[in-house]
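Engineer: There's a structure below that I have some questions on.
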Amino acid sequence: MCLACAWGQHFIGYGTSGVVASRRQVLRAGALAAAGVAAAPVFRATEAFAQQGAEADAPADFVFRNGVIHTVSEQQPRAEAVAVRGKTLVHVGDEAGAMALVGPETRIVDLGGRLLMPGFVEGHMHPILGAFMSAGVDLQYPTLAEALASIERYAKENPDGPIRGFGWRVDMFPPEGPTRADLDSILPDRPAFFFSIDGHSLWANSRALEMAGVKQDTPDPIPGFSYYARDVNGVPTGYVLEVNAVLGLVNAVDPITSEAMARLVEIWLPKAAAAGITSVFDAGVPPVGNDQASVIGIYTEIEKRDALPFRVVASYSVKTPPIDKIVEELEDVRSRVSSELVNVDVVKIVGDGSQEGYTAWLLEPYADKPDFIGASPFSEEQWHEMIGAVDAAGYDVHVHACGERTARTALDAIEKAIATNPPRDRRHAIAHLVYVEESDNPRFAELGVTAQFSANWMSADPDTMQNMLERYGPERQSKLYRPKVVLDTGGNIAFGTDWPAAGYFSTYRPLDSIQVGVTRQLVGRPDAPVLSPADQRLTVEEAVRANTLGAARQIRLDDKVGSLEVGKLADLIVLDRNIFEVPQAEIYAARVAMTMMNGVVRHEA
């Protein structure tokens, strides 16, 4: 259910707009009288210090007080107050120490009992792809009839051009997947295509297939992995699987333009800030031809305008052979895209697909396809060669592994690389981990590999309860998504929504993921069943750490962000309620009142 794909070949130029006001430069004054502090929730302390001279040290730009401050630091889990100067946290501790840093232009934020905590670090998502793919009609409906009705309404409201959308769920259809016939009944003449909610499949009508030149004799891009589903006569059904096949059809029907991408990304960024996201691992971008750097450069162009609300660790994605120049290609991208907020430090390996489309690589056959275990684009020899070369060059890998054979193969390759290459601080990660064999769970801690989960998938939703049961059978299906096992064996876990991809519910809000990680229930349904095994439910503290310091460790930012500690960067959020005390089924309802990144307020409500 991850996206690390090449969706378009027509990104030509990029641009966006938006300016965030720069930080105030202030001089040190004195201390604020205690009686004045409580006068208003937010105020400037100018009058009390108008006559005082500057001291040697500059004052704080912000002081936060009178709330619950959760630091995610083992050394100091709680604090009374926090002070920010420039981009940096200069005080995390008692209120008196923070108030001693107040100057005439210091903004004092009275939290009024609200929660202050580190900004969310998303360990796996696709902001650029998400902005592009989620455009059009939203198909997150429980039934095919509702989805078709929504498409028909959207087509009438948008009478020109192709019809596109996102979010249909596999459980709407039989195992054979969607068909063009359903779409042809409402859209006989206009081309239409719709991304599945997991981002790995496409549903297209006959007109779209025709425009893309997909016919009975059209070869599959990667047989058995990325292909056009066909009926008993070999005629394409309109169900298109995995990114190579999807790419060709999308580009043929609705070529991507730079203006559209700029507009869509610009629209989404304020939503990310409002969700409290301050750092992101971008797990794959759509390149210009073979040029991923040009698309990652969207971020740096926005950063130049001071409108990028989060820092980005981006990846160089590898989804098919050849693999002999991976390090060279990564270093080329790094040389072209590097800034204060944007860096490319990771090789993303798309190791398999998804269980829903039978493209995840399993150890034992699919329960409902007993002669098939799925596939990987790479041979085991290529796995070892890839990971060994990246590790030897001093870089990290981030592996998409929905299937347990993919997870094991990646762990084996990492283990061999550790044994072969010189010692160093490694931060390899394996993502998604829908199902992992018992013997492989302790290896994450043993090898220092981060187990990255999209916690918003960990609910007893129809996709998990129906499709995963069909794919895995009851024994394996009862052991899906086990982050607690990794924690209990000493491993690091990280959360990331994988937006826009999902199995049932697409979200970019970390609070949604945190709640599902804690409850293993669908968001908004406190009476929903709990996904087995129930003992894999995390505490709120564990889930928050996974979406802050755990993810920061994964992407080598844990010395800078992920916890509130003196000397770290001022990435923090204020929530309107204390998610450590509210009923767990209400965590998702918390709203972000303020998001600060690099000492700049990027969102305030």
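Following the order of the structure tokens, chains are lettered A, B, ..., residues in each are numbered from 1, and ligands are numbered from 1.
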Please identify the strand (DSSP E or B) residues within segment 65-225 of chain A (assignment by DSSP from backbone atoms) and present them as JSON, numbers by chain.

Structural biologist: {"A": [65, 66, 67, 68, 69, 70, 78, 79, 80, 81, 82, 83, 84, 85, 88, 89, 90, 91, 92, 93, 107, 108, 109, 110, 115, 116, 117, 118, 120, 121, 122, 123, 124, 125, 137, 138, 163, 164, 165, 166, 167, 168, 192, 193, 194, 195, 196, 201, 202, 203, 204, 222]}

Engineer: Those residues you just picked out, can you put them in a file as a compact mmCIF listing (two decimals), in the first residue's frame with N, CA and C atoms?

Structural biologist:
```
# COMPACT_ATOMS: atom_id res chain seq x y z
N ARG A 65 3.91 28.65 28.32
CA ARG A 65 3.75 28.37 29.75
C ARG A 65 2.30 27.98 30.04
N ASN A 66 2.10 27.50 31.27
CA ASN A 66 0.76 27.23 31.80
C ASN A 66 0.01 26.18 30.99
N GLY A 67 0.70 25.09 30.69
CA GLY A 67 0.04 24.00 29.99
C GLY A 67 0.70 22.68 30.31
N VAL A 68 0.29 21.65 29.61
CA VAL A 68 0.90 20.33 29.73
C VAL A 68 1.96 20.23 28.64
N ILE A 69 3.20 20.03 29.04
CA ILE A 69 4.29 19.97 28.07
C ILE A 69 4.89 18.57 28.09
N HIS A 70 4.68 17.87 26.99
CA HIS A 70 5.17 16.49 26.83
C HIS A 70 6.37 16.56 25.90
N ARG A 78 8.54 15.70 31.17
CA ARG A 78 7.60 16.81 31.32
C ARG A 78 8.37 18.09 31.64
N ALA A 79 7.75 19.21 31.33
CA ALA A 79 8.33 20.51 31.64
C ALA A 79 7.22 21.49 31.96
N GLU A 80 7.59 22.57 32.63
CA GLU A 80 6.62 23.63 32.96
C GLU A 80 6.53 24.68 31.87
N ALA A 81 7.65 24.90 31.18
CA ALA A 81 7.68 25.98 30.19
C ALA A 81 8.77 25.71 29.16
N VAL A 82 8.61 26.35 28.00
CA VAL A 82 9.56 26.22 26.90
C VAL A 82 9.84 27.62 26.36
N ALA A 83 11.10 27.88 26.04
CA ALA A 83 11.47 29.16 25.42
C ALA A 83 12.18 28.90 24.09
N VAL A 84 11.87 29.74 23.11
CA VAL A 84 12.42 29.62 21.77
C VAL A 84 13.14 30.91 21.41
N ARG A 85 14.36 30.78 20.93
CA ARG A 85 15.09 31.93 20.39
C ARG A 85 15.54 31.58 18.98
N THR A 88 15.80 27.88 17.64
CA THR A 88 16.28 26.90 18.61
C THR A 88 15.50 26.95 19.92
N LEU A 89 15.37 25.79 20.54
CA LEU A 89 14.83 25.70 21.90
C LEU A 89 15.95 26.06 22.87
N VAL A 90 15.76 27.12 23.63
CA VAL A 90 16.80 27.59 24.54
C VAL A 90 16.48 27.30 26.00
N HIS A 91 15.25 26.87 26.26
CA HIS A 91 14.89 26.48 27.63
C HIS A 91 13.74 25.49 27.58
N VAL A 92 13.90 24.38 28.27
CA VAL A 92 12.84 23.40 28.48
C VAL A 92 12.95 22.99 29.93
N GLY A 93 12.04 23.51 30.75
CA GLY A 93 12.16 23.23 32.18
C GLY A 93 11.17 24.00 33.01
N ARG A 107 6.98 37.00 22.60
CA ARG A 107 5.58 36.59 22.60
C ARG A 107 5.40 35.49 23.64
N ILE A 108 4.56 35.76 24.61
CA ILE A 108 4.30 34.78 25.66
C ILE A 108 2.97 34.11 25.36
N VAL A 109 3.02 32.81 25.19
CA VAL A 109 1.84 32.03 24.86
C VAL A 109 1.36 31.32 26.12
N ASP A 110 0.21 31.74 26.63
CA ASP A 110 -0.42 31.06 27.75
C ASP A 110 -1.20 29.88 27.19
N LEU A 115 -2.05 21.18 25.43
CA LEU A 115 -0.88 20.31 25.32
C LEU A 115 0.13 20.89 24.34
N LEU A 116 1.38 20.98 24.78
CA LEU A 116 2.51 21.33 23.91
C LEU A 116 3.38 20.10 23.77
N MET A 117 3.75 19.79 22.55
CA MET A 117 4.58 18.61 22.29
C MET A 117 5.39 18.83 21.02
N PRO A 118 6.32 17.91 20.69
CA PRO A 118 7.09 18.08 19.45
C PRO A 118 6.19 18.00 18.23
N PHE A 120 4.97 16.72 14.62
CA PHE A 120 4.93 15.36 14.10
C PHE A 120 5.98 15.16 13.00
N VAL A 121 6.64 14.02 13.07
CA VAL A 121 7.59 13.61 12.04
C VAL A 121 6.96 12.44 11.31
N GLU A 122 6.68 12.63 10.02
CA GLU A 122 6.04 11.59 9.22
C GLU A 122 7.12 10.70 8.61
N GLY A 123 7.16 9.45 9.05
CA GLY A 123 8.21 8.53 8.62
C GLY A 123 8.01 7.91 7.26
N HIS A 124 6.87 8.21 6.61
CA HIS A 124 6.64 7.65 5.27
C HIS A 124 5.37 8.26 4.71
N MET A 125 5.51 9.12 3.74
CA MET A 125 4.36 9.66 3.03
C MET A 125 4.80 10.20 1.68
N VAL A 137 -12.55 13.24 -8.07
CA VAL A 137 -13.66 12.78 -7.24
C VAL A 137 -13.16 11.83 -6.16
N ASP A 138 -13.62 12.03 -4.93
CA ASP A 138 -13.25 11.19 -3.80
C ASP A 138 -14.17 9.97 -3.78
N ILE A 163 -12.26 12.30 -16.75
CA ILE A 163 -12.75 12.20 -15.38
C ILE A 163 -11.75 11.37 -14.58
N ARG A 164 -11.35 11.88 -13.45
CA ARG A 164 -10.37 11.18 -12.64
C ARG A 164 -10.76 11.25 -11.17
N GLY A 165 -10.15 10.41 -10.37
CA GLY A 165 -10.46 10.41 -8.95
C GLY A 165 -9.58 9.44 -8.20
N PHE A 166 -9.91 9.27 -6.93
CA PHE A 166 -9.05 8.51 -6.02
C PHE A 166 -9.89 7.92 -4.89
N GLY A 167 -9.50 6.73 -4.44
CA GLY A 167 -10.02 6.25 -3.17
C GLY A 167 -10.90 5.02 -3.21
N TRP A 168 -11.14 4.40 -4.40
CA TRP A 168 -11.99 3.20 -4.38
C TRP A 168 -11.29 2.09 -3.63
N ALA A 192 -11.92 7.94 -18.49
CA ALA A 192 -11.98 8.04 -17.03
C ALA A 192 -11.03 7.04 -16.40
N PHE A 193 -10.35 7.47 -15.36
CA PHE A 193 -9.51 6.56 -14.58
C PHE A 193 -9.55 6.99 -13.12
N PHE A 194 -9.42 6.00 -12.25
CA PHE A 194 -9.55 6.25 -10.81
C PHE A 194 -8.52 5.41 -10.05
N PHE A 195 -7.70 6.10 -9.26
CA PHE A 195 -6.70 5.42 -8.45
C PHE A 195 -7.37 4.70 -7.28
N SER A 196 -6.90 3.50 -6.98
CA SER A 196 -7.37 2.81 -5.79
C SER A 196 -6.82 3.49 -4.54
N SER A 201 -3.23 0.48 -7.84
CA SER A 201 -4.07 -0.01 -8.93
C SER A 201 -4.87 1.13 -9.53
N LEU A 202 -5.40 0.87 -10.72
CA LEU A 202 -6.19 1.85 -11.43
C LEU A 202 -7.43 1.15 -11.99
N TRP A 203 -8.52 1.89 -12.02
CA TRP A 203 -9.78 1.43 -12.61
C TRP A 203 -10.06 2.35 -13.79
N ALA A 204 -10.12 1.80 -14.99
CA ALA A 204 -10.24 2.62 -16.19
C ALA A 204 -11.39 2.14 -17.06
N ILE A 222 5.46 -5.50 -16.69
CA ILE A 222 6.24 -6.48 -15.92
C ILE A 222 5.31 -7.65 -15.64
```

Engineer: Quick one: residues within 9 Å of Val390 of chain A, only C-alpha atoms counted, chain neighbours fewer than 3 positions away excluded, as a PyMOL selection string?

Structural biologist: chain A and resi 326-327+346-347+385-387+393-397

Engineer: Take the selection from the previous step and output its residues with N, CA and C atoms, as a CSV table (one decimal), in the first residue's frame.

Structural biologist:
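Wrote it out as out.csv, contents follow:
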```csv
chain,number,residue,atom,x,y,z
A,326,ILE,N,23.0,2.7,-8.8
A,326,ILE,CA,22.1,3.3,-7.8
A,326,ILE,C,22.8,4.4,-7.0
A,327,VAL,N,24.0,4.1,-6.5
A,327,VAL,CA,24.7,5.0,-5.7
A,327,VAL,C,25.1,6.3,-6.5
A,346,VAL,N,18.5,8.9,1.2
A,346,VAL,CA,18.0,7.6,1.4
A,346,VAL,C,17.7,7.0,0.0
A,347,VAL,N,18.0,5.7,-0.2
A,347,VAL,CA,17.5,5.0,-1.4
A,347,VAL,C,16.3,4.2,-1.0
A,385,GLU,N,23.1,-7.2,-3.7
A,385,GLU,CA,23.9,-6.3,-4.4
A,385,GLU,C,23.5,-4.9,-4.2
A,386,MET,N,22.2,-4.6,-4.3
A,386,MET,CA,21.7,-3.2,-4.1
A,386,MET,C,22.0,-2.7,-2.7
A,387,ILE,N,21.6,-3.5,-1.7
A,387,ILE,CA,21.7,-3.0,-0.3
A,387,ILE,C,23.1,-3.0,0.1
A,393,ALA,N,28.4,2.7,0.6
A,393,ALA,CA,28.6,4.1,0.3
A,393,ALA,C,28.2,5.0,1.5
A,394,GLY,N,27.7,4.4,2.5
A,394,GLY,CA,27.4,5.2,3.7
A,394,GLY,C,26.0,5.8,3.7
A,395,TYR,N,25.1,5.3,2.9
A,395,TYR,CA,23.7,5.7,2.8
A,395,TYR,C,22.8,4.7,3.4
A,396,ASP,N,21.5,5.1,3.6
A,396,ASP,CA,20.5,4.2,4.2
A,396,ASP,C,19.5,3.8,3.1
A,397,VAL,N,18.9,2.6,3.3
A,397,VAL,CA,17.9,2.1,2.5
A,397,VAL,C,16.6,2.1,3.3
```

Engineer: Skip Gly234 of chain A itself and residues of its chain fewer than 4 positions away, then list as a PyMOL selection string all residues within 10 Å of it, counting only C-alpha atoms.

Structural biologist: chain A and resi 215-218+228-230

Engineer: Just to be explicit: take each residue in the selection above, keep all heavy atoms, and write the result as a PDB file, in the first residue's frame.

Structural biologist:
```pdb
ATOM      1  N   LYS A 215      -4.740  -3.066 -25.591  1.00  0.00           N
ATOM      2  CA  LYS A 215      -5.622  -3.996 -26.288  1.00  0.00           C
ATOM      3  C   LYS A 215      -5.288  -5.428 -25.887  1.00  0.00           C
ATOM      4  O   LYS A 215      -4.428  -5.671 -25.035  1.00  0.00           O
ATOM      5  CB  LYS A 215      -5.464  -3.811 -27.797  1.00  0.00           C
ATOM      6  CG  LYS A 215      -5.820  -2.407 -28.291  1.00  0.00           C
ATOM      7  CD  LYS A 215      -5.537  -2.243 -29.767  1.00  0.00           C
ATOM      8  CE  LYS A 215      -4.046  -2.252 -30.059  1.00  0.00           C
ATOM      9  NZ  LYS A 215      -3.731  -1.949 -31.474  1.00  0.00           N
ATOM     10  N   GLN A 216      -5.954  -6.359 -26.543  1.00  0.00           N
ATOM     11  CA  GLN A 216      -5.778  -7.768 -26.215  1.00  0.00           C
ATOM     12  C   GLN A 216      -4.332  -8.219 -26.399  1.00  0.00           C
ATOM     13  O   GLN A 216      -3.815  -9.043 -25.633  1.00  0.00           O
ATOM     14  CB  GLN A 216      -6.709  -8.627 -27.076  1.00  0.00           C
ATOM     15  CG  GLN A 216      -6.736 -10.098 -26.686  1.00  0.00           C
ATOM     16  CD  GLN A 216      -7.848 -10.850 -27.400  1.00  0.00           C
ATOM     17  OE1 GLN A 216      -8.612 -10.271 -28.148  1.00  0.00           O
ATOM     18  NE2 GLN A 216      -7.943 -12.153 -27.153  1.00  0.00           N
ATOM     19  N   ASP A 217      -3.647  -7.680 -27.404  1.00  0.00           N
ATOM     20  CA  ASP A 217      -2.281  -8.113 -27.681  1.00  0.00           C
ATOM     21  C   ASP A 217      -1.212  -7.203 -27.060  1.00  0.00           C
ATOM     22  O   ASP A 217      -0.026  -7.351 -27.348  1.00  0.00           O
ATOM     23  CB  ASP A 217      -2.056  -8.208 -29.191  1.00  0.00           C
ATOM     24  CG  ASP A 217      -2.301  -6.866 -29.905  1.00  0.00           C
ATOM     25  OD1 ASP A 217      -2.774  -5.915 -29.249  1.00  0.00           O
ATOM     26  OD2 ASP A 217      -2.016  -6.778 -31.118  1.00  0.00           O
ATOM     27  N   THR A 218      -1.636  -6.256 -26.209  1.00  0.00           N
ATOM     28  CA  THR A 218      -0.668  -5.355 -25.554  1.00  0.00           C
ATOM     29  C   THR A 218       0.112  -6.119 -24.490  1.00  0.00           C
ATOM     30  O   THR A 218      -0.485  -6.721 -23.591  1.00  0.00           O
ATOM     31  CB  THR A 218      -1.381  -4.163 -24.906  1.00  0.00           C
ATOM     32  OG1 THR A 218      -2.117  -3.450 -25.903  1.00  0.00           O
ATOM     33  CG2 THR A 218      -0.381  -3.225 -24.238  1.00  0.00           C
ATOM     34  N   TYR A 228      -2.000  -5.651 -16.979  1.00  0.00           N
ATOM     35  CA  TYR A 228      -3.403  -5.358 -17.249  1.00  0.00           C
ATOM     36  C   TYR A 228      -4.205  -6.628 -16.984  1.00  0.00           C
ATOM     37  O   TYR A 228      -3.985  -7.654 -17.644  1.00  0.00           O
ATOM     38  CB  TYR A 228      -3.583  -4.919 -18.704  1.00  0.00           C
ATOM     39  CG  TYR A 228      -2.635  -3.808 -19.120  1.00  0.00           C
ATOM     40  CD1 TYR A 228      -1.535  -4.077 -19.932  1.00  0.00           C
ATOM     41  CD2 TYR A 228      -2.826  -2.505 -18.669  1.00  0.00           C
ATOM     42  CE1 TYR A 228      -0.651  -3.074 -20.293  1.00  0.00           C
ATOM     43  CE2 TYR A 228      -1.950  -1.494 -19.029  1.00  0.00           C
ATOM     44  CZ  TYR A 228      -0.857  -1.782 -19.834  1.00  0.00           C
ATOM     45  OH  TYR A 228       0.016  -0.789 -20.190  1.00  0.00           O
ATOM     46  N   ALA A 229      -5.103  -6.579 -16.022  1.00  0.00           N
ATOM     47  CA  ALA A 229      -5.949  -7.745 -15.760  1.00  0.00           C
ATOM     48  C   ALA A 229      -6.783  -8.036 -17.008  1.00  0.00           C
ATOM     49  O   ALA A 229      -7.212  -7.127 -17.716  1.00  0.00           O
ATOM     50  CB  ALA A 229      -6.844  -7.488 -14.559  1.00  0.00           C
ATOM     51  N   ARG A 230      -7.015  -9.322 -17.260  1.00  0.00           N
ATOM     52  CA  ARG A 230      -7.707  -9.720 -18.486  1.00  0.00           C
ATOM     53  C   ARG A 230      -8.801 -10.744 -18.175  1.00  0.00           C
ATOM     54  O   ARG A 230      -8.726 -11.469 -17.172  1.00  0.00           O
ATOM     55  CB  ARG A 230      -6.712 -10.305 -19.479  1.00  0.00           C
ATOM     56  CG  ARG A 230      -5.585  -9.330 -19.840  1.00  0.00           C
ATOM     57  CD  ARG A 230      -4.465 -10.011 -20.617  1.00  0.00           C
ATOM     58  NE  ARG A 230      -3.292  -9.146 -20.717  1.00  0.00           N
ATOM     59  CZ  ARG A 230      -3.078  -8.269 -21.696  1.00  0.00           C
ATOM     60  NH1 ARG A 230      -3.961  -8.150 -22.664  1.00  0.00           N
ATOM     61  NH2 ARG A 230      -1.990  -7.533 -21.710  1.00  0.00           N
TER      62      ARG A 230
END
```

Engineer: Please provide the set of residues having any atom within 9 Å of Ala181 of chain A, restricted to only C-alpha atoms, with same-chain residues fewer than 5 positions apart removed, written as a VMD selection string.

Structural biologist: chain A and resid 205 to 206 237 to 238

Engineer: From segment 142-218 of chain A, collect each residue whose DSSP state is alpha helix (DSSP H) and return the set as an MDAnalysis selection string.

Structural biologist: chainID A and resid 144:157 180:184 206:211

Engineer: Please identify all polymer residues within 10 Å of segment 589-593 of chain A, counting only C-alpha atoms, omitting same-chain residues fewer than 4 positions from it, and present them as a PyMOL selection string.

Structural biologist: chain A and resi 111+114-116+273-277+511-512+515+523-524+573-579+582+585+603-605

Engineer: Just the number, please: distance in Å from atom CA of Pro175 of chain A to atom CA of Glu475 of chain A, one decimal.

Structural biologist: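 About the pair atom CA of Pro175 of chain A and atom CA of Glu475 of chain A: they are 20.1 Å apart.
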
Engineer: Calculate how many Å separate atom CA of Gly161 of chain A from atom CA of Pro178 of chain A, rounding to one decimal.

Structural biologist: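 Between these atoms lies a distance of 22.3 Å.
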
Engineer: Distance atom CA of Pro159 of chain A-atom CA of Asp182 of chain A, one decimal place?

Structural biologist: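 Answer for the atom CA of Pro159 of chain A to atom CA of Asp182 of chain A separation: 19.3 Å.
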
Engineer: Write out as a PyMOL selection string which residues come within 7 Å of Thr359 of chain A when counting only C-alpha atoms, dropping same-chain ones fewer than 3 positions away.

Structural biologist: chain A and resi 225+352-355+374-375

Engineer: Write out as a short mmCIF file (atom, residue, chain, number, x, y, z; two decimals) with N, CA, C and O atoms, in the first residue's frame which residues come within 8 Å of Pro188 of chain A when counting only C-alpha atoms, dropping same-chain ones fewer than 2 positions away.

Structural biologist:
```cif
data_model
loop_
_atom_site.label_atom_id
_atom_site.label_comp_id
_atom_site.auth_asym_id
_atom_site.auth_seq_id
_atom_site.Cartn_x
_atom_site.Cartn_y
_atom_site.Cartn_z
N LEU A 183 -17.94 1.31 -15.49
CA LEU A 183 -17.68 2.71 -15.85
C LEU A 183 -18.30 3.06 -17.20
O LEU A 183 -18.83 4.16 -17.39
N ASP A 184 -18.22 2.13 -18.14
CA ASP A 184 -18.78 2.39 -19.46
C ASP A 184 -20.28 2.66 -19.39
O ASP A 184 -20.83 3.41 -20.23
N SER A 185 -20.95 2.10 -18.39
CA SER A 185 -22.40 2.28 -18.29
C SER A 185 -22.77 3.72 -17.97
O SER A 185 -23.87 4.17 -18.30
N ILE A 186 -21.86 4.46 -17.34
CA ILE A 186 -22.14 5.87 -17.02
C ILE A 186 -21.26 6.83 -17.79
O ILE A 186 -21.58 8.01 -17.93
N ARG A 190 -16.39 9.53 -22.54
CA ARG A 190 -15.28 10.31 -21.96
C ARG A 190 -14.30 9.38 -21.26
O ARG A 190 -14.70 8.46 -20.53
N ASN A 205 -11.99 3.09 -17.79
CA ASN A 205 -13.06 2.69 -18.71
C ASN A 205 -12.47 2.36 -20.09
O ASN A 205 -11.26 2.49 -20.33
N SER A 206 -13.36 1.94 -21.00
CA SER A 206 -12.90 1.51 -22.32
C SER A 206 -12.24 2.63 -23.10
O SER A 206 -11.25 2.42 -23.81
N ARG A 207 -12.77 3.85 -22.97
CA ARG A 207 -12.21 4.99 -23.70
C ARG A 207 -10.79 5.27 -23.24
O ARG A 207 -9.91 5.57 -24.06
#
```
